[in-house]
$ cat upload.txt   # compact mmCIF, C-alpha atoms
# COMPACT_ATOMS: atom_id res chain seq x y z
CA MET A 1 10.82 25.50 25.50
CA VAL A 2 10.35 25.14 21.74
CA THR A 3 13.04 26.94 19.75
CA THR A 4 13.13 28.02 16.10
CA ASP A 5 15.97 25.52 15.56
CA MET A 6 13.75 22.66 16.80
CA ILE A 7 10.96 23.81 14.46
CA ARG A 8 13.44 23.96 11.57
CA GLN A 9 14.72 20.41 12.32
CA LEU A 10 11.19 19.03 12.49
CA ARG A 11 10.20 20.74 9.25
CA GLU A 12 13.29 19.36 7.49
CA ARG A 13 12.47 15.83 8.64
CA THR A 14 8.73 15.87 7.93
CA GLY A 15 7.96 18.64 5.43
CA ALA A 16 5.32 19.98 7.85
CA GLY A 17 4.32 23.65 7.87
CA ILE A 18 5.75 26.03 10.50
CA LEU A 19 2.51 26.20 12.51
CA ASP A 20 1.94 22.41 12.43
CA ALA A 21 5.56 21.78 13.47
CA LYS A 22 5.29 24.25 16.39
CA LYS A 23 1.98 22.74 17.56
CA ALA A 24 3.41 19.20 17.45
CA LEU A 25 6.50 20.25 19.41
CA ASP A 26 4.40 22.17 21.98
CA ALA A 27 2.12 19.15 22.43
CA ASN A 28 5.12 16.85 23.00
CA ASP A 29 7.24 19.09 25.26
CA GLY A 30 9.84 19.67 22.54
CA ASP A 31 10.45 15.93 21.90
CA ILE A 32 11.19 15.82 18.15
CA GLU A 33 10.70 12.04 17.78
CA LYS A 34 7.26 12.19 19.44
CA ALA A 35 6.36 15.22 17.34
CA ILE A 36 7.30 13.31 14.17
CA GLN A 37 5.09 10.41 15.25
CA GLN A 38 2.18 12.78 15.95
CA LEU A 39 2.54 14.48 12.56
CA ARG A 40 2.72 11.08 10.84
CA GLU A 41 -0.46 9.89 12.59
CA GLN A 42 -2.26 13.13 11.67
CA GLY A 43 -1.14 12.71 8.06
CA LEU A 44 -2.46 9.16 7.92
CA ALA A 45 -5.76 10.21 9.51
CA LYS A 46 -6.14 12.91 6.85
CA ALA A 47 -5.14 10.37 4.19
CA ALA A 48 -7.92 8.02 5.33
CA LYS A 49 -10.47 10.84 4.82
CA LYS A 50 -9.03 11.64 1.38
CA ALA A 51 -9.33 7.97 0.39
CA MET A 52 -13.10 8.49 0.04
CA ARG A 53 -12.71 11.07 -2.75
CA GLU A 54 -12.97 10.25 -6.44
CA ALA A 55 -9.71 9.65 -8.31
CA ALA A 56 -10.15 9.83 -12.10
CA GLU A 57 -6.78 11.24 -13.22
CA GLY A 58 -3.39 9.56 -12.96
CA ARG A 59 -1.41 7.45 -15.37
CA VAL A 60 -0.92 4.05 -16.91
CA TYR A 61 2.65 3.15 -16.01
CA SER A 62 4.73 0.54 -17.84
CA TYR A 63 7.73 -1.33 -16.54
CA ILE A 64 9.88 -3.93 -18.31
CA HIS A 65 12.16 -6.00 -16.09
CA GLY A 66 15.51 -7.45 -17.10
CA ASP A 67 17.30 -7.89 -20.38
CA PRO A 68 15.93 -9.05 -22.83
CA GLY A 69 12.78 -8.00 -20.97
CA ARG A 70 11.27 -11.23 -19.67
CA VAL A 71 8.65 -9.62 -17.39
CA GLY A 72 6.48 -6.62 -18.20
CA VAL A 73 3.91 -4.76 -16.11
CA LEU A 74 1.17 -2.27 -16.96
CA VAL A 75 -0.49 -0.65 -13.97
CA GLU A 76 -3.16 2.07 -13.80
CA VAL A 77 -2.72 4.33 -10.77
CA ASN A 78 -5.31 7.08 -10.30
CA CYS A 79 -5.21 10.37 -8.41
CA GLU A 80 -7.51 13.40 -8.36
CA THR A 81 -5.65 15.86 -10.59
CA ASP A 82 -3.31 15.81 -13.57
CA PHE A 83 -1.01 18.16 -11.61
CA VAL A 84 -0.34 15.46 -8.98
CA ALA A 85 -0.02 12.78 -11.69
CA ARG A 86 2.99 14.69 -13.08
CA THR A 87 4.83 15.02 -9.75
CA PRO A 88 8.03 13.03 -9.12
CA THR A 89 6.48 11.58 -5.93
CA PHE A 90 3.49 10.15 -7.80
CA GLN A 91 5.67 8.78 -10.60
CA ALA A 92 8.03 7.19 -8.06
CA LEU A 93 5.00 5.56 -6.43
CA CYS A 94 3.87 4.17 -9.81
CA HIS A 95 7.36 2.78 -10.39
CA SER A 96 7.46 1.14 -6.94
CA ILE A 97 4.04 -0.45 -7.50
CA ALA A 98 5.10 -1.77 -10.92
CA LEU A 99 8.28 -3.24 -9.39
CA GLN A 100 6.17 -4.88 -6.69
CA ILE A 101 3.87 -6.48 -9.30
CA ALA A 102 6.83 -7.70 -11.36
CA ALA A 103 8.58 -9.23 -8.32
CA ALA A 104 5.70 -10.49 -6.17
CA ASN A 105 3.17 -11.54 -8.85
CA PRO A 106 -0.13 -10.66 -7.12
CA SER A 107 -3.39 -11.86 -8.66
CA PHE A 108 -5.72 -9.09 -7.44
CA VAL A 109 -5.45 -5.47 -6.31
CA SER A 110 -7.20 -6.06 -2.95
CA PRO A 111 -9.06 -8.83 -1.08
CA ASP A 112 -12.38 -7.06 -1.93
CA GLU A 113 -11.68 -7.72 -5.60
CA ILE A 114 -11.33 -11.50 -5.20
CA PRO A 115 -14.39 -13.23 -6.74
CA ALA A 116 -16.56 -15.13 -4.23
CA GLU A 117 -16.07 -18.43 -6.07
CA VAL A 118 -12.25 -18.09 -5.91
CA LEU A 119 -12.43 -17.38 -2.18
CA GLU A 120 -14.81 -20.29 -1.59
CA ASN A 121 -12.54 -22.61 -3.57
CA GLU A 122 -9.56 -21.56 -1.43
CA ARG A 123 -11.58 -22.17 1.77
CA TYR A 124 -12.75 -25.58 0.48
CA THR A 125 -9.16 -26.61 -0.37
CA LEU A 126 -7.90 -25.55 3.06
CA LEU A 127 -10.72 -27.41 4.85
CA LYS A 128 -9.95 -30.53 2.79
CA GLN A 129 -6.34 -30.37 3.97
CA LEU A 130 -7.57 -30.46 7.59
CA GLU A 131 -9.98 -33.39 7.08
CA GLY A 132 -7.75 -36.04 8.68
CA GLU A 133 -7.03 -33.96 11.76
CA ASN A 134 -8.96 -34.62 14.95
CA LYS A 135 -9.89 -31.00 15.76
CA PRO A 136 -13.27 -29.40 16.58
CA ALA A 137 -15.01 -27.60 13.69
CA GLU A 138 -14.60 -24.16 15.29
CA ILE A 139 -10.82 -24.70 15.62
CA LYS A 140 -10.65 -25.78 11.97
CA ASP A 141 -12.59 -22.64 11.00
CA LYS A 142 -10.09 -20.47 12.90
CA ILE A 143 -7.15 -22.23 11.22
CA VAL A 144 -8.75 -21.72 7.79
CA ALA A 145 -9.48 -18.03 8.56
CA GLY A 146 -5.81 -17.53 9.52
CA LYS A 147 -4.61 -19.27 6.36
CA ILE A 148 -6.99 -17.15 4.24
CA GLU A 149 -5.51 -13.98 5.81
CA LYS A 150 -2.01 -15.26 4.97
CA TRP A 151 -3.15 -16.05 1.41
CA PHE A 152 -4.41 -12.44 1.07
CA THR A 153 -0.83 -11.25 1.73
CA GLU A 154 0.30 -13.27 -1.30
CA ALA A 155 -2.66 -12.85 -3.68
CA ALA A 156 -3.71 -9.23 -3.03
CA LEU A 157 -1.28 -6.47 -4.05
CA LEU A 158 -2.32 -4.00 -1.32
CA ARG A 159 -1.80 -6.63 1.41
CA GLN A 160 1.66 -7.72 0.22
CA PRO A 161 4.75 -6.73 2.21
CA PHE A 162 6.46 -3.98 0.22
CA ILE A 163 9.55 -5.41 -1.53
CA LYS A 164 11.73 -2.38 -0.66
CA ASP A 165 10.75 -2.43 3.03
CA ASP A 166 8.85 -5.46 4.31
CA SER A 167 7.91 -3.70 7.55
CA GLN A 168 5.28 -1.91 5.40
CA THR A 169 2.56 -3.19 3.09
CA VAL A 170 1.82 -1.77 -0.35
CA GLN A 171 -1.31 -0.22 1.23
CA ASP A 172 0.98 1.59 3.71
CA ILE A 173 3.06 3.18 0.93
CA VAL A 174 -0.10 4.25 -0.92
CA MET A 175 -1.48 5.84 2.29
CA ALA A 176 1.85 7.62 2.88
CA ALA A 177 1.69 9.02 -0.68
CA ILE A 178 -1.91 10.19 -0.07
CA ALA A 179 -0.74 11.97 3.10
CA GLU A 180 2.20 13.58 1.28
CA LEU A 181 0.41 14.58 -1.93
CA GLY A 182 -2.93 15.56 -0.39
CA GLU A 183 -5.04 13.61 -2.89
CA ASN A 184 -6.73 10.24 -2.99
CA ILE A 185 -4.69 7.61 -4.85
CA VAL A 186 -6.12 4.34 -6.13
CA ILE A 187 -4.44 1.38 -7.81
CA ARG A 188 -7.16 0.64 -10.36
CA ARG A 189 -5.86 -2.42 -12.23
CA PHE A 190 -2.75 -4.12 -13.54
CA SER A 191 -1.49 -6.75 -15.96
CA ARG A 192 1.71 -8.75 -15.64
CA PHE A 193 3.28 -10.40 -18.67
CA VAL A 194 5.95 -13.11 -18.65
CA LEU A 195 7.75 -13.99 -21.86
CA GLY A 196 6.42 -17.27 -23.29
CA GLU A 197 3.58 -17.68 -20.75
CA GLN A 198 -0.01 -18.09 -21.87
CA ALA A 199 -2.43 -15.42 -20.57
$ encode --input "upload.txt" --output "structure tokens"
Amino acid sequence: MVTTDMIRQLRERTGAGILDAKKALDANDGDIEKAIQQLREQGLAKAAKKAMREAAEGRVYSYIHGDPGRVGVLVEVNCETDFVARTPTFQALCHSIALQIAAANPSFVSPDEIPAEVLENERYTLLKQLEGENKPAEIKDKIVAGKIEKWFTEAALLRQPFIKDDSQTVQDIVMAAIAELGENIVIRRFSRFVLGEQA
């Protein structure tokens, strides 16, 4: 039987409303861990729907790393309303993304943003590396496809393992923020500056 104490515990751990917490506990026979998982999945499903909405507000966030400031980052993160842009959660997300860019040095926001000629050049280079190997063409293609996927996790910000928790990607933390804040969030663009480096 679901008690008010169980509902209170679940709400404290997830921030869910009373009715949602009770439904999740009822559906999982009072198992709090399963209820948390269900609420998380529902939140991510809702977040996926919200990801289709336009995001034209937000902020340009700046971060300077180290003393005397050898690495600097500017990142534009968009949301749907100025109200959400001012929340501590959104600002913490901007800070985490800027830290990620400073530390992991991505080249693009997402794989979709990578120009076709850059992708083709990467494929060509990888195929060249396999030239001396006696493998069928379809095996070589699979190897190259796997290496391209691995390259995405280095070159594309959203695919990178999150520096504060490498069990998640940057895309995962953005989706979690969408679920929490109830608005679409988009990393629009970024620039990373290193002292003394040419652009």
$ residues_around --input "upload.txt" --residues "Arg13 (chain A)" --least-positions-apart "5" --cutoff "12 Å" --atoms "all atoms listed in the file" --output "compact mmCIF listing (two decimals) with C-alpha atoms, keeping the file's coordinate frame"
# COMPACT_ATOMS: atom_id res chain seq x y z
CA MET A 6 13.75 22.66 16.80
CA ILE A 7 10.96 23.81 14.46
CA ARG A 8 13.44 23.96 11.57
CA ALA A 21 5.56 21.78 13.47
CA ILE A 32 11.19 15.82 18.15
CA GLU A 33 10.70 12.04 17.78
CA ALA A 35 6.36 15.22 17.34
CA ILE A 36 7.30 13.31 14.17
CA GLN A 37 5.09 10.41 15.25
CA LEU A 39 2.54 14.48 12.56
CA ARG A 40 2.72 11.08 10.84
$ closest_residue --input "upload.txt" --among "A:Val84, A:Ser191, A:Val174, A:Thr153" --to "Tyr63 (chain A)" --atoms "only C-alpha atoms"
A:Ser191
$ atom_distance --input "upload.txt" --atom1 "CA of Gly182 (chain A)" --atom2 "CA of Glu113 (chain A)"
25.4 Å
$ closest_residue --input "upload.txt" --among "A:Phe83, A:Trp151, A:Tyr124, A:Phe190" --to "Ile97 (chain A)" --atoms "only C-alpha atoms"
A:Phe190
$ closest_residue --input "upload.txt" --among "A:Asn184, A:Ser110, A:Asn134, A:Gln168" --to "Phe152 (chain A)" --atoms "only C-alpha atoms"
A:Ser110
$ atom_distance --input "upload.txt" --atom1 "CA of Leu93 (chain A)" --atom2 "CA of Leu195 (chain A)"
25.1 Å
$ atom_distance --input "upload.txt" --atom1 "CA of Asp165 (chain A)" --atom2 "CA of Val77 (chain A)"
20.4 Å
$ residues_around --input "upload.txt" --residues "Arg86 (chain A)" --least-positions-apart "3" --cutoff "12 Å" --atoms "all atoms listed in the file" --output "list in words"
Glu57, Gly58, Arg59, Val60, Tyr61, Asn78, Cys79, Glu80, Thr81, Asp82, Phe83, Thr89, Phe90, Gln91, Ala92, Leu93, Cys94 and Leu181 of chain A
$ closest_residue --input "upload.txt" --among "A:Ile18, A:Leu10, A:Ala104, A:Ala85" --to "Gly30 (chain A)" --atoms "all atoms listed in the file"
A:Leu10
$ closest_residue --input "upload.txt" --among "A:Arg11, A:His65, A:Lys128, A:Arg70" --to "Val144 (chain A)" --atoms "only C-alpha atoms"
A:Lys128
$ closest_residue --input "upload.txt" --among "A:Glu12, A:Ile185, A:Gly132, A:Met1" --to "Asp29 (chain A)" --atoms "all atoms listed in the file"
A:Met1
